[in-house]
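Shown next: protein.pdb, containing PDB, C-alpha atoms and all ligand atoms.
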ATOM      1  CA  MET A   8       1.594  -6.423 -27.305
ATOM      2  CA  LYS A   9       1.593  -5.957 -23.538
ATOM      3  CA  ARG A  10       2.543  -2.564 -22.082
ATOM      4  CA  ILE A  11       5.434  -2.573 -19.589
ATOM      5  CA  GLY A  12       6.180   0.091 -16.971
ATOM      6  CA  VAL A  13       9.685  -0.001 -15.476
ATOM      7  CA  LEU A  14      10.523   1.426 -12.039
ATOM      8  CA  VAL A  15      14.158   2.498 -11.586
ATOM      9  CA  SER A  16      16.379   4.286  -9.063
ATOM     10  CA  GLY A  17      19.858   4.195 -10.562
ATOM     11  CA  GLY A  18      22.046   3.139 -13.470
ATOM     12  CA  GLY A  19      19.329   1.226 -15.289
ATOM     13  CA  THR A  20      21.428  -1.670 -16.570
ATOM     14  CA  ASN A  21      18.470  -4.015 -16.064
ATOM     15  CA  LEU A  22      16.237  -1.562 -17.947
ATOM     16  CA  GLN A  23      18.858  -1.606 -20.708
ATOM     17  CA  ALA A  24      18.779  -5.403 -20.751
ATOM     18  CA  ILE A  25      14.997  -5.287 -21.262
ATOM     19  CA  ILE A  26      15.306  -2.692 -24.046
ATOM     20  CA  ASP A  27      18.066  -4.711 -25.746
ATOM     21  CA  ALA A  28      15.914  -7.852 -25.451
ATOM     22  CA  GLN A  29      13.063  -6.053 -27.238
ATOM     23  CA  HIS A  30      15.434  -5.141 -30.076
ATOM     24  CA  SER A  31      16.925  -8.635 -30.302
ATOM     25  CA  GLY A  32      13.528 -10.342 -30.291
ATOM     26  CA  ILE A  33      13.945 -12.098 -26.922
ATOM     27  CA  ILE A  34      11.056  -9.929 -25.770
ATOM     28  CA  LYS A  35       8.385  -9.925 -28.465
ATOM     29  CA  SER A  36       5.153  -9.934 -26.453
ATOM     30  CA  GLY A  37       5.711  -6.678 -24.595
ATOM     31  CA  GLU A  38       7.172  -3.191 -24.935
ATOM     32  CA  VAL A  39       8.388  -0.676 -22.386
ATOM     33  CA  VAL A  40       6.043   2.329 -22.598
ATOM     34  CA  THR A  41       7.153   4.282 -19.542
ATOM     35  CA  VAL A  42      10.091   4.474 -17.125
ATOM     36  CA  VAL A  43       9.568   5.955 -13.672
ATOM     37  CA  SER A  44      12.450   6.929 -11.401
ATOM     38  CA  ASN A  45      12.087   7.975  -7.783
ATOM     39  CA  LYS A  46      15.293  10.008  -8.204
ATOM     40  CA  LYS A  47      16.227  12.832 -10.585
ATOM     41  CA  GLY A  48      19.205  12.621 -12.894
ATOM     42  CA  VAL A  49      19.781   8.861 -12.769
ATOM     43  CA  TYR A  50      21.293   7.278 -15.862
ATOM     44  CA  ALA A  51      18.289   4.970 -16.258
ATOM     45  CA  LEU A  52      16.326   8.047 -17.407
ATOM     46  CA  GLU A  53      19.016   8.768 -20.007
ATOM     47  CA  ARG A  54      18.709   5.192 -21.259
ATOM     48  CA  ALA A  55      14.948   5.685 -21.649
ATOM     49  CA  LYS A  56      15.474   8.959 -23.531
ATOM     50  CA  GLN A  57      18.067   7.389 -25.844
ATOM     51  CA  ASN A  58      15.460   4.789 -26.767
ATOM     52  CA  GLY A  59      12.526   7.152 -27.254
ATOM     53  CA  ILE A  60      10.788   5.939 -24.101
ATOM     54  CA  GLU A  61       9.009   8.308 -21.720
ATOM     55  CA  GLY A  62      11.016   8.853 -18.551
ATOM     56  CA  VAL A  63       9.404  10.535 -15.551
ATOM     57  CA  VAL A  64      10.517  11.322 -12.019
ATOM     58  CA  ILE A  65       8.108  10.689  -9.164
ATOM     59  CA  GLU A  66       9.976  11.547  -5.968
ATOM     60  CA  LYS A  67       8.748  10.261  -2.611
ATOM     61  CA  LYS A  68       9.764  13.497  -0.874
ATOM     62  CA  ALA A  69       7.399  15.453  -3.142
ATOM     63  CA  PHE A  70       4.442  13.877  -1.348
ATOM     64  CA  ALA A  71       3.037  14.480   2.118
ATOM     65  CA  THR A  72       2.713  10.776   2.886
ATOM     66  CA  PRO A  73       4.010   7.451   1.541
ATOM     67  CA  GLU A  74       0.386   6.662   0.622
ATOM     68  CA  ASP A  75       0.269   9.735  -1.661
ATOM     69  CA  PHE A  76       3.487   8.585  -3.349
ATOM     70  CA  ASP A  77       2.007   5.098  -3.763
ATOM     71  CA  GLU A  78      -1.143   6.645  -5.255
ATOM     72  CA  ALA A  79       0.881   8.741  -7.710
ATOM     73  CA  LEU A  80       2.871   5.721  -8.929
ATOM     74  CA  THR A  81      -0.335   3.733  -9.359
ATOM     75  CA  ALA A  82      -2.149   6.539 -11.181
ATOM     76  CA  HIS A  83       0.786   6.982 -13.562
ATOM     77  CA  MET A  84       0.924   3.296 -14.471
ATOM     78  CA  LYS A  85      -2.852   3.171 -14.944
ATOM     79  CA  SER A  86      -2.764   6.322 -17.090
ATOM     80  CA  ARG A  87      -0.270   4.575 -19.403
ATOM     81  CA  ASN A  88      -2.425   1.413 -19.489
ATOM     82  CA  VAL A  89       0.513  -0.587 -18.170
ATOM     83  CA  ASP A  90      -0.083  -4.360 -17.975
ATOM     84  CA  LEU A  91       3.147  -5.393 -16.200
ATOM     85  CA  ILE A  92       5.355  -3.414 -13.816
ATOM     86  CA  VAL A  93       9.048  -4.318 -13.591
ATOM     87  CA  MET A  94      11.110  -3.098 -10.629
ATOM     88  CA  ALA A  95      14.636  -2.861 -12.088
ATOM     89  CA  GLY A  96      17.001  -1.519  -9.479
ATOM     90  CA  PHE A  97      14.087   0.282  -7.797
ATOM     91  CA  LEU A  98      14.797   1.039  -4.167
ATOM     92  CA  CYS A  99      11.300   1.799  -2.871
ATOM     93  CA  ILE A 100       8.857  -0.690  -1.410
ATOM     94  CA  ALA A 101       5.615  -1.261  -3.347
ATOM     95  CA  GLY A 102       2.657   0.307  -1.508
ATOM     96  CA  ASP A 103      -0.768  -1.235  -0.978
ATOM     97  CA  LYS A 104      -2.444   0.735  -3.789
ATOM     98  CA  LEU A 105       0.097  -0.384  -6.383
ATOM     99  CA  LEU A 106      -0.127  -3.988  -5.157
ATOM    100  CA  GLU A 107      -3.952  -3.906  -5.247
ATOM    101  CA  ALA A 108      -4.008  -2.351  -8.722
ATOM    102  CA  TYR A 109      -1.455  -4.826 -10.099
ATOM    103  CA  PRO A 110      -1.980  -8.214  -8.422
ATOM    104  CA  ASP A 111       0.618 -10.687  -9.716
ATOM    105  CA  ARG A 112       1.586  -8.030 -12.264
ATOM    106  CA  ILE A 113       4.640  -6.563 -10.499
ATOM    107  CA  ILE A 114       8.016  -8.322 -10.685
ATOM    108  CA  ASN A 115      11.423  -7.542  -9.178
ATOM    109  CA  ILE A 116      15.018  -8.569  -9.830
ATOM    110  CA  HIS A 117      17.044  -9.295  -6.704
ATOM    111  CA  PRO A 118      20.813  -9.927  -6.860
ATOM    112  CA  SER A 119      20.955 -13.117  -4.767
ATOM    113  CA  LEU A 120      19.401 -16.571  -4.692
ATOM    114  CA  ILE A 121      16.343 -15.853  -2.530
ATOM    115  CA  PRO A 122      15.788 -16.793   0.341
ATOM    116  CA  SER A 123      19.448 -16.005   0.978
ATOM    117  CA  PHE A 124      20.580 -12.414   1.510
ATOM    118  CA  CYS A 125      17.234 -10.729   0.906
ATOM    119  CA  GLY A 126      14.620  -8.715   2.778
ATOM    120  CA  PRO A 127      14.822  -5.268   4.377
ATOM    121  CA  GLY A 128      18.265  -3.677   4.073
ATOM    122  CA  PHE A 129      19.547  -6.165   1.475
ATOM    123  CA  TYR A 130      19.989  -4.107  -1.681
ATOM    124  CA  GLY A 131      22.809  -3.196  -4.088
ATOM    125  CA  LEU A 132      26.329  -3.934  -2.837
ATOM    126  CA  LYS A 133      25.062  -4.853   0.648
ATOM    127  CA  VAL A 134      23.732  -8.110  -0.818
ATOM    128  CA  HIS A 135      27.120  -9.110  -2.193
ATOM    129  CA  GLU A 136      28.962  -7.997   0.943
ATOM    130  CA  ALA A 137      26.725 -10.322   2.981
ATOM    131  CA  ALA A 138      27.271 -13.222   0.563
ATOM    132  CA  LEU A 139      31.062 -12.797   0.650
ATOM    133  CA  ASN A 140      31.092 -12.362   4.442
ATOM    134  CA  TYR A 141      29.124 -15.576   4.807
ATOM    135  CA  GLY A 142      31.517 -17.360   2.478
ATOM    136  CA  VAL A 143      28.978 -18.826   0.056
ATOM    137  CA  LYS A 144      30.500 -20.524  -3.005
ATOM    138  CA  VAL A 145      27.475 -19.822  -5.170
ATOM    139  CA  SER A 146      25.280 -16.766  -5.399
ATOM    140  CA  GLY A 147      23.161 -15.474  -8.278
ATOM    141  CA  ALA A 148      19.966 -13.579  -9.032
ATOM    142  CA  THR A 149      16.232 -14.068  -8.616
ATOM    143  CA  VAL A 150      13.179 -12.694 -10.432
ATOM    144  CA  HIS A 151      10.100 -12.825  -8.231
ATOM    145  CA  TYR A 152       6.593 -11.466  -7.958
ATOM    146  CA  VAL A 153       6.265  -8.493  -5.652
ATOM    147  CA  ASN A 154       3.955  -8.678  -2.651
ATOM    148  CA  LYS A 155       3.760  -7.024   0.776
ATOM    149  CA  VAL A 156       6.798  -8.919   2.015
ATOM    150  CA  VAL A 157      10.101  -7.371   0.855
ATOM    151  CA  ASP A 158      11.635  -9.860  -1.627
ATOM    152  CA  GLY A 159       8.977 -12.328  -0.456
ATOM    153  CA  GLY A 160       6.817 -12.982  -3.521
ATOM    154  CA  ARG A 161       6.663 -16.196  -5.575
ATOM    155  CA  ILE A 162       9.914 -16.964  -7.355
ATOM    156  CA  ILE A 163       9.721 -16.849 -11.170
ATOM    157  CA  ALA A 164      13.334 -17.503 -12.202
ATOM    158  CA  GLN A 165      16.803 -17.878 -10.712
ATOM    159  CA  LYS A 166      20.309 -18.244 -12.106
ATOM    160  CA  ALA A 167      23.359 -19.298 -10.092
ATOM    161  CA  VAL A 168      26.768 -17.638 -10.385
ATOM    162  CA  TYR A 169      29.960 -19.036  -8.811
ATOM    163  CA  VAL A 170      31.822 -16.861  -6.341
ATOM    164  CA  GLN A 171      35.511 -16.717  -7.266
ATOM    165  CA  ASP A 172      38.631 -16.309  -5.127
ATOM    166  CA  GLY A 173      39.458 -12.670  -4.681
ATOM    167  CA  ASP A 174      35.941 -11.463  -5.423
ATOM    168  CA  THR A 175      35.076  -8.093  -3.983
ATOM    169  CA  PRO A 176      31.420  -7.019  -3.644
ATOM    170  CA  GLU A 177      31.862  -4.903  -6.779
ATOM    171  CA  ILE A 178      33.357  -7.758  -8.829
ATOM    172  CA  LEU A 179      30.691 -10.211  -7.690
ATOM    173  CA  GLN A 180      27.916  -7.668  -8.381
ATOM    174  CA  LYS A 181      29.186  -7.131 -11.905
ATOM    175  CA  ARG A 182      29.412 -10.860 -12.618
ATOM    176  CA  ILE A 183      25.915 -11.513 -11.259
ATOM    177  CA  MET A 184      24.474  -8.635 -13.297
ATOM    178  CA  GLU A 185      26.201  -9.786 -16.513
ATOM    179  CA  GLU A 186      25.737 -13.549 -16.135
ATOM    180  CA  ALA A 187      22.392 -13.679 -14.336
ATOM    181  CA  GLU A 188      20.292 -10.514 -13.958
ATOM    182  CA  TRP A 189      20.531  -9.295 -17.539
ATOM    183  CA  LYS A 190      19.538 -12.768 -18.786
ATOM    184  CA  ILE A 191      16.783 -13.971 -16.470
ATOM    185  CA  LEU A 192      14.921 -10.656 -16.213
ATOM    186  CA  PRO A 193      14.228 -10.248 -19.953
ATOM    187  CA  GLU A 194      13.367 -13.950 -20.226
ATOM    188  CA  ALA A 195      10.902 -13.611 -17.320
ATOM    189  CA  VAL A 196       9.359 -10.478 -18.854
ATOM    190  CA  GLU A 197       8.725 -12.318 -22.138
ATOM    191  CA  LYS A 198       7.387 -15.409 -20.361
ATOM    192  CA  ILE A 199       4.887 -13.319 -18.393
ATOM    193  CA  CYS A 200       3.886 -10.986 -21.232
ATOM    194  CA  SER A 201       3.263 -13.943 -23.541
ATOM    195  CA  SER A 202       1.012 -15.566 -20.930
ATOM    196  CA  LEU A 203      -1.001 -12.507 -19.875
ATOM    197  CA  LYS A 204      -4.620 -12.531 -20.989
TER     198      LYS A 204
HETATM  199  C1  LIG B   1      21.319  -4.386  -9.430
HETATM  200  O1  LIG B   1      22.247  -5.082  -8.638
HETATM  201  C2  LIG B   1      19.961  -5.018  -9.288
HETATM  202  O2  LIG B   1      20.010  -6.392  -9.012
HETATM  203  C3  LIG B   1      19.407  -4.340  -8.105
HETATM  204  O3  LIG B   1      19.802  -2.980  -8.280
HETATM  205  C4  LIG B   1      21.109  -2.976  -8.867
HETATM  206  C5  LIG B   1      21.235  -1.885  -9.913
HETATM  207  O4  LIG B   1      20.400  -2.202 -10.970
HETATM  208  N1  LIG B   1      17.980  -4.536  -8.035
HETATM  209  P1  LIG B   1      20.321  -1.282 -12.322
HETATM  210  O5  LIG B   1      21.697  -1.231 -12.920
HETATM  211  O6  LIG B   1      19.852   0.092 -11.896
HETATM  212  O7  LIG B   1      19.340  -2.000 -13.197
END
How does the structure come out when it is put into structure tokens?
Ligand code: GRF
Amino acid sequence: MKRIGVLVSGGGTNLQAIIDAQHSGIIKSGEVVTVVSNKKGVYALERAKQNGIEGVVIEKKAFATPEDFDEALTAHMKSRNVDLIVMAGFLCIAGDKLLEAYPDRIINIHPSLIPSFCGPGFYGLKVHEAALNYGVKVSGATVHYVNKVVDGGRIIAQKAVYVQDGDTPEILQKRIMEEAEWKILPEAVEKICSSLK
């Protein structure tokens, strides 16, 4: 059973999808052992608590430098013997120490079909605003490995979602979360956990 550490910053619906997938048997080769939020009081921490999973807050502003924050995240994951790190709505960039400690062992869910609408500044509703402003007919979600380049790592899975007339960024975000993110992320987690040595 591989040990999964989940990094969150907000509502935690992708964390919930992973937890639900463990309970339904979609994820059977891994288990979430720790949830780390960079913000206090986010609902993702409540979701962890409701499921008997450790939830901790490691805030960037509590550290003198970004490197110290990076070191704290890395030390925490190592202390929990985490095998795979999942960024699920996490709004910080992975630092060098975390990347070095977890090569090809950190994945992220991005709410567009990379390489469209991704990279610095493309997060949350901004992604869907850009897609609607461009007028794309299809968007979706991508699970990818995390490397030094924001949203630049190898793609693991993608799922397309049709844009519909009258979509607002909020409506499109909800559809992409429900129809794409919450499906491909748990499937990717199981695929990776079942293949890890
Ligand atoms: C989602 O749109 C996800 O794609 C992005 O962050 C948003 C919130 O995710 N990475 P969650 O509800 O906190 O999992």
May I ask for the distance between atom CA of A:Val150 and atom CA of A:Glu74, given in Å to one decimal place?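 Straight-line distance from atom CA of A:Val150 to atom CA of A:Glu74 works out to 25.7 Å.
Nearest residue to A:Asp172, choosing from A:Gly142, A:Gly128, A:Pro193, A:Gly159 and counting all atoms listed in the file: A:Gly142.
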Given the file shown, determine the residues that the PyMOL selection byres (((not hetatm)) within 7 of (chain B and resi 1)) selects; report them as a list in words.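 On the file shown, the PyMOL selection byres (((not hetatm)) within 7 of (chain B and resi 1)) covers Val15, Ser16, Gly17, Gly18, Gly19, Thr20, Asn21, Leu22, Ala51, Ala95, Gly96, Phe97, Ile116, His117, Pro118, Tyr130, Gly131, Gln180, Met184 and Glu188 of chain A.
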Could you tell me which residues the PyMOL selection byres (((chain A and resi 61) around 7) and not hetatm) returns for this structure, as an mmCIF file with C-alpha atoms, keeping the file's coordinate frame?
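Result written to expr05.cif:
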data_model
loop_
_atom_site.group_PDB
_atom_site.id
_atom_site.type_symbol
_atom_site.label_atom_id
_atom_site.label_comp_id
_atom_site.auth_asym_id
_atom_site.auth_seq_id
_atom_site.Cartn_x
_atom_site.Cartn_y
_atom_site.Cartn_z
ATOM 1 C CA VAL A 40 6.043 2.329 -22.598
ATOM 2 C CA THR A 41 7.153 4.282 -19.542
ATOM 3 C CA VAL A 42 10.091 4.474 -17.125
ATOM 4 C CA ALA A 55 14.948 5.685 -21.649
ATOM 5 C CA LYS A 56 15.474 8.959 -23.531
ATOM 6 C CA GLY A 59 12.526 7.152 -27.254
ATOM 7 C CA ILE A 60 10.788 5.939 -24.101
ATOM 8 C CA GLY A 62 11.016 8.853 -18.551
ATOM 9 C CA VAL A 63 9.404 10.535 -15.551
#
The PyMOL selection byres (((chain A and resi 44-48) around 6) and not hetatm) resolved against shown file, as a PyMOL selection string: chain A and resi 14-16+43+49+64-66
Find the nearest atom pair between each residue of stretch 11-56 of chain A and stretch 84-93 of chain A for residues within 6 Å, count all atoms listed in the file, give distances in Å to one decimal, sort rows by chain and ascending number, and present the table as a Markdown table.
| residue | atom | partner | partner_atom | distance |
| --- | --- | --- | --- | --- |
| A:Ile11 | CA | A:Leu91 | CA | 5.0 |
| A:Gly12 | CA | A:Ile92 | CA | 4.8 |
| A:Val13 | CA | A:Val93 | CA | 4.8 |
Determine, counting only C-alpha atoms, which protein, DNA and RNA residues have an atom within 12 Å of an atom of A:Arg112; residues of the same chain fewer than 4 positions away are not included. Present the result as an NGL selection string. :A and (9-13 or 84 or 89-94 or 101 or 105-108 or 151-154 or 160-161 or 195-196 or 199-200 or 202-204)
Save out the residues we just selected, C-alpha atoms, as a short mmCIF file (atom, residue, chain, number, x, y, z; two decimals), in the coordinates of the input.
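So the final result, stored in again20.cif, reads:
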data_model
loop_
_atom_site.label_atom_id
_atom_site.label_comp_id
_atom_site.auth_asym_id
_atom_site.auth_seq_id
_atom_site.Cartn_x
_atom_site.Cartn_y
_atom_site.Cartn_z
CA LYS A 9 1.59 -5.96 -23.54
CA ARG A 10 2.54 -2.56 -22.08
CA ILE A 11 5.43 -2.57 -19.59
CA GLY A 12 6.18 0.09 -16.97
CA VAL A 13 9.68 0.00 -15.48
CA MET A 84 0.92 3.30 -14.47
CA VAL A 89 0.51 -0.59 -18.17
CA ASP A 90 -0.08 -4.36 -17.98
CA LEU A 91 3.15 -5.39 -16.20
CA ILE A 92 5.36 -3.41 -13.82
CA VAL A 93 9.05 -4.32 -13.59
CA MET A 94 11.11 -3.10 -10.63
CA ALA A 101 5.62 -1.26 -3.35
CA LEU A 105 0.10 -0.38 -6.38
CA LEU A 106 -0.13 -3.99 -5.16
CA GLU A 107 -3.95 -3.91 -5.25
CA ALA A 108 -4.01 -2.35 -8.72
CA HIS A 151 10.10 -12.82 -8.23
CA TYR A 152 6.59 -11.47 -7.96
CA VAL A 153 6.26 -8.49 -5.65
CA ASN A 154 3.96 -8.68 -2.65
CA GLY A 160 6.82 -12.98 -3.52
CA ARG A 161 6.66 -16.20 -5.58
CA ALA A 195 10.90 -13.61 -17.32
CA VAL A 196 9.36 -10.48 -18.85
CA ILE A 199 4.89 -13.32 -18.39
CA CYS A 200 3.89 -10.99 -21.23
CA SER A 202 1.01 -15.57 -20.93
CA LEU A 203 -1.00 -12.51 -19.88
CA LYS A 204 -4.62 -12.53 -20.99
#
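From atom CA of A:Tyr50 back to atom CA of A:Ser36, the distance works out to 25.9 Å.
Straight-line separation from atom CA of A:Ile191 to atom CA of A:Tyr169: 16.1 Å.
Shortest atom-to-atom contact with A:Leu98 among A:Val157, A:Ala167, A:Ile34, A:Ile178: A:Val157, counting all atoms listed in the file.
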Nearest to A:Ser201 among A:Asp111, A:Gln29, A:Ala24, A:Gly37, with distances taken over all atoms listed in the file: which residue is it?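 Looking at the shortest contact to A:Ser201, the residue is A:Gly37.
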Could you check the closest approach to A:Asp27 for each of A:Glu186, A:Leu192, A:Thr81, A:Lys198 and tell me which residue wins, using all atoms listed in the file?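 For A:Asp27, the nearest of the given residues is A:Leu192.
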Report the centre and edge lengths, in Å to one decimal, of an axis-aligned box enclosing every atom of stretch 125-133 of chain A listed in the file, padded by 8 Å on each side, as lines of an AutoDock Vina configuration file.
center_x = 20.5
center_y = -7.0
center_z = 0.1
size_x = 27.7
size_y = 23.5
size_z = 24.5
Considering only C-alpha atoms, state which residue in the set A:Leu132, A:Leu52, A:Ala28, A:Ile163 is at the smallest distance from A:Ile183.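 Answer, going by the shortest atom-to-atom distance: A:Leu132.
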